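K.L.:
File protein.txt follows (compact mmCIF, C-alpha atoms):
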# COMPACT_ATOMS: atom_id res chain seq x y z
CA MET A 611 190.58 -54.37 190.41
CA PRO A 612 188.28 -55.06 187.40
CA LEU A 613 188.53 -52.75 184.41
CA SER A 614 185.59 -50.58 183.43
CA ARG A 615 183.81 -51.28 180.13
CA LEU A 616 185.28 -48.08 178.68
CA THR A 617 188.83 -49.03 179.71
CA THR A 618 188.37 -52.53 178.28
CA ALA A 619 186.96 -51.09 175.03
CA LEU A 620 189.89 -48.67 174.77
CA LEU A 621 192.42 -51.44 175.33
CA LEU A 622 190.74 -53.60 172.72
CA THR A 623 190.52 -50.69 170.27
CA VAL A 624 194.24 -50.01 170.62
CA GLY A 625 194.96 -53.70 170.17
CA LEU A 626 192.69 -53.96 167.12
CA SER A 627 193.93 -50.79 165.42
CA SER A 628 197.55 -51.72 165.99
CA GLY A 629 197.00 -55.30 164.82
CA VAL A 630 198.22 -56.63 168.16
CA ALA A 631 195.94 -59.03 170.00
CA ARG A 632 196.40 -59.87 173.63
CA ALA A 633 196.38 -63.53 174.58
CA ASP A 634 193.77 -62.84 177.26
CA THR A 635 191.28 -61.09 174.96
CA SER A 636 188.26 -63.37 174.72
CA PRO A 637 186.44 -64.09 171.46
CA GLU A 638 183.35 -62.48 172.98
CA GLN A 639 185.28 -59.24 173.67
CA TRP A 640 186.60 -59.18 170.08
CA LEU A 641 183.13 -59.76 168.69
CA ALA A 642 181.60 -57.01 170.85
CA LEU A 643 184.28 -54.55 169.78
CA LEU A 644 183.93 -55.36 166.08
CA GLN A 645 180.15 -55.03 166.29
CA GLU A 646 180.47 -51.73 168.18
CA ARG A 647 182.83 -50.43 165.49
CA GLN A 648 180.33 -51.50 162.81
CA GLU A 649 182.87 -53.76 161.10
CA SER A 650 181.83 -56.81 159.15
CA VAL A 651 182.91 -60.05 160.81
CA LEU A 652 182.76 -63.81 160.36
CA VAL A 653 181.75 -65.80 163.44
CA LEU A 654 182.22 -69.57 163.81
CA GLU A 655 180.10 -71.42 166.39
CA ARG A 656 179.43 -75.11 166.90
CA THR A 657 175.82 -76.28 166.58
CA ASP A 658 174.01 -79.32 168.02
CA ARG A 659 173.66 -80.84 164.54
CA SER A 660 175.91 -83.38 162.83
CA LEU A 661 176.35 -84.89 159.38
CA GLN A 662 175.21 -88.44 158.83
CA PRO A 663 176.69 -91.00 158.35
CA THR A 664 180.12 -89.57 159.33
CA GLY A 665 179.05 -87.88 162.57
CA ASP A 666 180.96 -84.66 161.83
CA PRO A 667 179.62 -81.81 163.99
CA ILE A 668 178.15 -78.99 161.92
CA TRP A 669 179.47 -75.54 162.71
CA ASP A 670 177.66 -72.31 161.79
CA LEU A 671 179.82 -69.82 159.90
CA ARG A 672 177.94 -66.53 160.13
CA LEU A 673 178.79 -63.41 158.13
CA GLU A 674 177.68 -60.19 159.82
CA ILE A 675 177.74 -57.11 157.63
CA PRO A 676 176.40 -53.96 159.36
CA GLY A 677 172.97 -53.01 158.07
CA GLN A 678 172.32 -56.43 156.51
CA PRO A 679 170.77 -59.60 157.88
CA PRO A 680 173.36 -62.19 158.96
CA ARG A 681 174.14 -64.95 156.48
CA HIS A 682 174.67 -68.49 157.74
CA TYR A 683 176.77 -71.22 156.14
CA PRO A 684 177.00 -74.81 157.43
CA ALA A 685 180.64 -75.82 157.84
CA LEU A 686 182.96 -78.39 159.39
CA SER A 687 186.07 -77.82 161.47
CA GLY A 688 188.36 -80.70 162.32
CA ARG A 689 187.48 -84.39 162.03
CA ALA A 690 184.52 -86.03 163.78
CA ASN A 691 186.73 -88.16 166.05
CA ARG A 692 189.12 -85.28 166.88
CA GLN A 693 186.70 -82.68 168.28
CA GLN A 694 188.13 -83.04 171.80
CA ALA A 695 191.80 -83.05 170.73
CA ASN A 696 194.21 -80.24 171.64
CA ARG A 697 193.03 -77.35 169.46
CA ASP A 698 196.39 -75.56 169.72
CA GLN A 699 198.57 -78.49 168.64
CA MET A 700 199.86 -78.65 165.07
CA GLY A 701 198.62 -81.78 163.31
CA SER A 702 195.87 -82.49 165.84
CA ARG A 703 193.05 -82.44 163.24
CA ALA A 704 191.00 -80.67 165.90
CA PRO A 705 188.67 -77.71 165.28
CA LEU A 706 190.11 -74.22 165.17
CA PRO A 707 191.07 -72.83 168.57
CA ARG A 708 188.75 -70.22 170.09
CA GLY A 709 189.94 -66.73 169.36
CA HIS A 710 190.34 -63.88 166.90
CA TYR A 711 191.80 -64.31 163.41
CA THR A 712 192.49 -62.06 160.44
CA LEU A 713 191.44 -63.07 156.93
CA GLY A 714 193.78 -63.07 153.97
CA ALA A 715 192.86 -62.62 150.34
CA VAL A 716 190.28 -64.74 148.53
CA GLU A 717 192.37 -66.94 146.25
CA PRO A 718 190.83 -68.96 143.40
CA LEU A 719 192.36 -72.43 143.10
CA ALA A 720 193.12 -74.14 139.79
CA ASP A 721 190.27 -76.46 138.84
CA GLY A 722 191.07 -79.97 140.08
CA ALA A 723 194.46 -79.01 141.55
CA TYR A 724 193.31 -79.36 145.16
CA PRO A 725 190.29 -81.69 145.14
CA GLU A 726 189.74 -81.55 148.94
CA LEU A 727 189.81 -77.74 149.05
CA GLY A 728 187.29 -76.81 146.38
CA PRO A 729 187.47 -73.77 144.14
CA VAL A 730 188.62 -71.08 146.63
CA TRP A 731 191.06 -70.67 149.54
CA ILE A 732 190.83 -67.87 152.12
CA SER A 733 193.75 -67.90 154.53
CA ILE A 734 193.17 -67.14 158.20
CA GLU A 735 195.86 -66.10 160.65
CA PRO A 736 195.44 -66.37 164.42
CA THR A 737 196.16 -63.16 166.35
CA PHE A 738 197.13 -65.14 169.45
CA PRO A 739 199.84 -67.68 170.28
CA THR A 740 199.05 -71.18 168.97
CA GLY A 741 200.89 -74.06 167.36
CA ARG A 742 198.39 -74.15 164.49
CA ARG A 743 199.52 -72.98 161.05
CA VAL A 744 198.37 -73.00 157.41
CA LEU A 745 194.73 -72.44 158.26
CA GLY A 746 191.99 -71.34 155.93
CA ILE A 747 188.41 -71.39 154.76
CA HIS A 748 187.64 -73.72 151.87
CA GLN A 749 185.07 -76.23 150.69
CA ASP A 750 184.94 -79.78 152.06
CA PRO A 751 183.78 -81.77 149.00
CA SER A 752 183.84 -85.01 151.07
CA ALA A 753 181.55 -83.64 153.78
CA GLY A 754 179.42 -86.47 155.13
CA LEU A 755 180.51 -88.87 152.39
CA ASN A 756 183.62 -90.78 153.48
CA GLY A 757 186.75 -90.87 155.65
CA ASN A 758 187.92 -87.54 154.20
CA SER A 759 184.88 -85.80 155.70
CA GLY A 760 185.89 -82.92 157.94
CA THR A 761 189.05 -80.86 157.82
CA LEU A 762 192.55 -80.97 159.25
CA GLY A 763 191.58 -77.94 161.34
CA CYS A 764 190.40 -75.39 158.79
CA ILE A 765 186.83 -74.28 158.16
CA GLY A 766 185.33 -76.43 155.42
CA LEU A 767 182.06 -75.23 153.94
CA ILE A 768 179.74 -78.10 153.09
CA HIS A 769 178.34 -76.60 149.87
CA ARG A 770 180.34 -75.23 146.93
CA LYS A 771 177.73 -72.54 146.19
CA ASP A 772 178.04 -71.28 149.78
CA LEU A 773 181.82 -70.91 149.45
CA LEU A 774 181.47 -68.99 146.19
CA GLU A 775 178.78 -66.69 147.68
CA LEU A 776 180.77 -66.14 150.88
CA SER A 777 183.95 -65.35 148.92
CA ALA A 778 182.16 -62.72 146.83
CA LEU A 779 180.59 -61.15 149.93
CA ILE A 780 183.94 -61.06 151.77
CA GLN A 781 185.54 -59.28 148.83
CA ARG A 782 182.69 -56.76 148.42
CA SER A 783 182.36 -56.02 152.14
CA GLY A 784 186.08 -55.94 152.92
CA THR A 785 185.59 -58.41 155.79
CA ARG A 786 188.95 -59.10 157.45
CA GLN A 787 187.98 -60.50 160.87
CA LEU A 788 187.00 -63.97 162.10
CA VAL A 789 185.95 -64.84 165.64
CA VAL A 790 185.79 -68.51 166.71
CA ARG A 791 183.51 -68.65 169.75
CA HIS A 792 183.30 -72.34 170.69
Before we go any further, please render this structure as structure tokens.
P.N.:
Amino acid sequence: MPLSRLTTALLLTVGLSSGVARADTSPEQWLALLQERQESVLVLERTDRSLQPTGDPIWDLRLEIPGQPPRHYPALSGRANRQQANRDQMGSRAPLPRGHYTLGAVEPLADGAYPELGPVWISIEPTFPTGRRVLGIHQDPSAGLNGNSGTLGCIGLIHRKDLLELSALIQRSGTRQLVVRH
């Protein structure tokens, strides 16, 4: 027998407040619950656009803060030739798996210490079973330029200024949720 909307919302609320996510909770259900609770959230969705000449698909990383217009940041996830690879397999270089994640702290990186990560690292932790580990949001300084374009599975913002703006907004708003929809 299907669950009512209220029962589903209650189950999701208990799961969210306890920090326990169910494997069968869809990204759309998480997003609806977070929006209903008026929590700020990051949402990652694939677009129809791609970077030339590398062919990397452009993803839209959207920050939704209640009472403010959404902010959009072009990003990459995975490598161009690995978009159809197993998204739950460690080392696949595929995009992030669909699902709900929690954000860690915004961590400045030493200048030049991690040239392919840019100036900031924001860790993300899946709330569902997956083989993927050591995931984060960072800049992709090679975006569209060479064979390093794309990420090993993280979210790589294309523009440095976008990463710095997003990091400041995440800290100010207390955003701690990410939903990957596609």
K.L.:
Between A:Pro667, A:Pro679, A:Ser783, A:Pro637, which one has atoms that come closest to Gln694 of chain A, using all atoms listed in the file?
P.N.:
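Looking at the shortest contact to Gln694 of chain A, the residue is A:Pro667.
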K.L.:
Report the distance between atom CA of Gln749 of chain A and atom CA of Ile765 of chain A in Å, rounded to one decimal place.
P.N.:
7.9 Å
K.L.:
Taking all atoms listed in the file into account, name the residue in A:Leu774, A:Val651, A:Leu727, A:Ile780 that is nearest to His710 of chain A.
P.N.:
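That would be A:Val651, the residue with the smallest distance to His710 of chain A.
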K.L.:
Determine the nearest neighbour of Gly754 of chain A from the options A:Leu713, A:Val790, A:Leu767, A:Leu773, counting all atoms listed in the file.
P.N.:
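Of all the options, A:Leu767 lies closest to Gly754 of chain A.
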K.L.:
Extending 3 Å beyond the listed atoms of segment 760-766 of chain A on each side, what axis-aligned box results? I want centre and edge lengths in Å to one decimal, as JSON.
P.N.:
{"center_x": 188.9, "center_y": -78.6, "center_z": 158.4, "size_x": 13.2, "size_y": 14.6, "size_z": 11.9}
K.L.:
Take atom CA of Gln639 of chain A and atom CA of Arg708 of chain A and report the distance between them in Å, one decimal.
P.N.:
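Separating atom CA of Gln639 of chain A from atom CA of Arg708 of chain A is a distance of 12.1 Å.
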K.L.:
For Pro718 of chain A, please output as a list in words all residues within 8 Å (counting all atoms listed in the file; exclusion window: fewer than 3 positions along the same chain).
P.N.:
Pro729, Val730 and Trp731 of chain A
K.L.:
Extract segment 678-703 of chain A from the coordinates I pasted, and write it as a compact mmCIF listing (two decimals), in the first residue's frame (atoms kept: N, CA and C atoms).
P.N.:
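Saved as selection_27.txt:
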# COMPACT_ATOMS: atom_id res chain seq x y z
N GLN A 678 15.73 34.11 -1.08
CA GLN A 678 16.66 34.72 -2.03
C GLN A 678 16.52 34.03 -3.38
N PRO A 679 16.87 34.76 -4.46
CA PRO A 679 16.83 34.09 -5.76
C PRO A 679 17.92 33.01 -5.82
N PRO A 680 17.66 31.92 -6.54
CA PRO A 680 18.69 30.88 -6.65
C PRO A 680 19.92 31.41 -7.38
N ARG A 681 21.07 30.90 -6.99
CA ARG A 681 22.33 31.25 -7.65
C ARG A 681 22.82 30.02 -8.40
N HIS A 682 23.29 30.22 -9.62
CA HIS A 682 23.71 29.12 -10.48
C HIS A 682 25.20 29.22 -10.78
N TYR A 683 25.87 28.06 -10.72
CA TYR A 683 27.30 28.00 -10.99
C TYR A 683 27.56 26.85 -11.96
N PRO A 684 28.20 27.14 -13.11
CA PRO A 684 28.55 26.05 -14.03
C PRO A 684 29.65 25.19 -13.43
N ALA A 685 29.49 23.87 -13.54
CA ALA A 685 30.44 22.95 -12.91
C ALA A 685 30.61 21.70 -13.78
N LEU A 686 31.61 20.92 -13.44
CA LEU A 686 31.85 19.62 -14.07
C LEU A 686 31.77 18.56 -13.00
N SER A 687 31.42 17.35 -13.40
CA SER A 687 31.45 16.21 -12.49
C SER A 687 31.85 14.99 -13.31
N GLY A 688 32.98 14.39 -12.95
CA GLY A 688 33.51 13.28 -13.71
C GLY A 688 34.25 13.77 -14.95
N ARG A 689 34.72 12.84 -15.73
CA ARG A 689 35.42 13.14 -16.99
C ARG A 689 34.45 12.97 -18.16
N ALA A 690 34.73 13.66 -19.26
CA ALA A 690 33.84 13.64 -20.42
C ALA A 690 33.57 12.22 -20.90
N ASN A 691 34.61 11.40 -20.97
CA ASN A 691 34.46 10.04 -21.51
C ASN A 691 34.02 9.02 -20.46
N ARG A 692 33.69 9.46 -19.26
CA ARG A 692 33.29 8.55 -18.17
C ARG A 692 31.89 8.86 -17.64
N GLN A 693 31.10 9.60 -18.37
CA GLN A 693 29.77 10.01 -17.89
C GLN A 693 28.82 8.83 -17.73
N GLN A 694 29.04 7.75 -18.47
CA GLN A 694 28.16 6.58 -18.39
C GLN A 694 28.75 5.47 -17.51
N ALA A 695 29.90 5.71 -16.90
CA ALA A 695 30.53 4.70 -16.04
C ALA A 695 29.72 4.51 -14.76
N ASN A 696 30.03 3.44 -14.03
CA ASN A 696 29.35 3.13 -12.78
C ASN A 696 29.61 4.24 -11.76
N ARG A 697 28.58 4.99 -11.43
CA ARG A 697 28.71 6.15 -10.55
C ARG A 697 28.92 5.78 -9.09
N ASP A 698 28.76 4.51 -8.74
CA ASP A 698 28.99 4.07 -7.36
C ASP A 698 30.33 3.38 -7.16
N GLN A 699 31.10 3.22 -8.21
CA GLN A 699 32.36 2.48 -8.13
C GLN A 699 33.53 3.42 -7.87
N MET A 700 34.31 3.12 -6.84
CA MET A 700 35.50 3.89 -6.51
C MET A 700 36.45 3.86 -7.70
N GLY A 701 36.99 5.03 -8.05
CA GLY A 701 37.96 5.12 -9.13
C GLY A 701 37.36 5.17 -10.52
N SER A 702 36.05 5.25 -10.64
CA SER A 702 35.39 5.20 -11.94
C SER A 702 35.53 6.49 -12.75
N ARG A 703 35.86 7.59 -12.09
CA ARG A 703 35.93 8.92 -12.73
C ARG A 703 34.59 9.32 -13.35
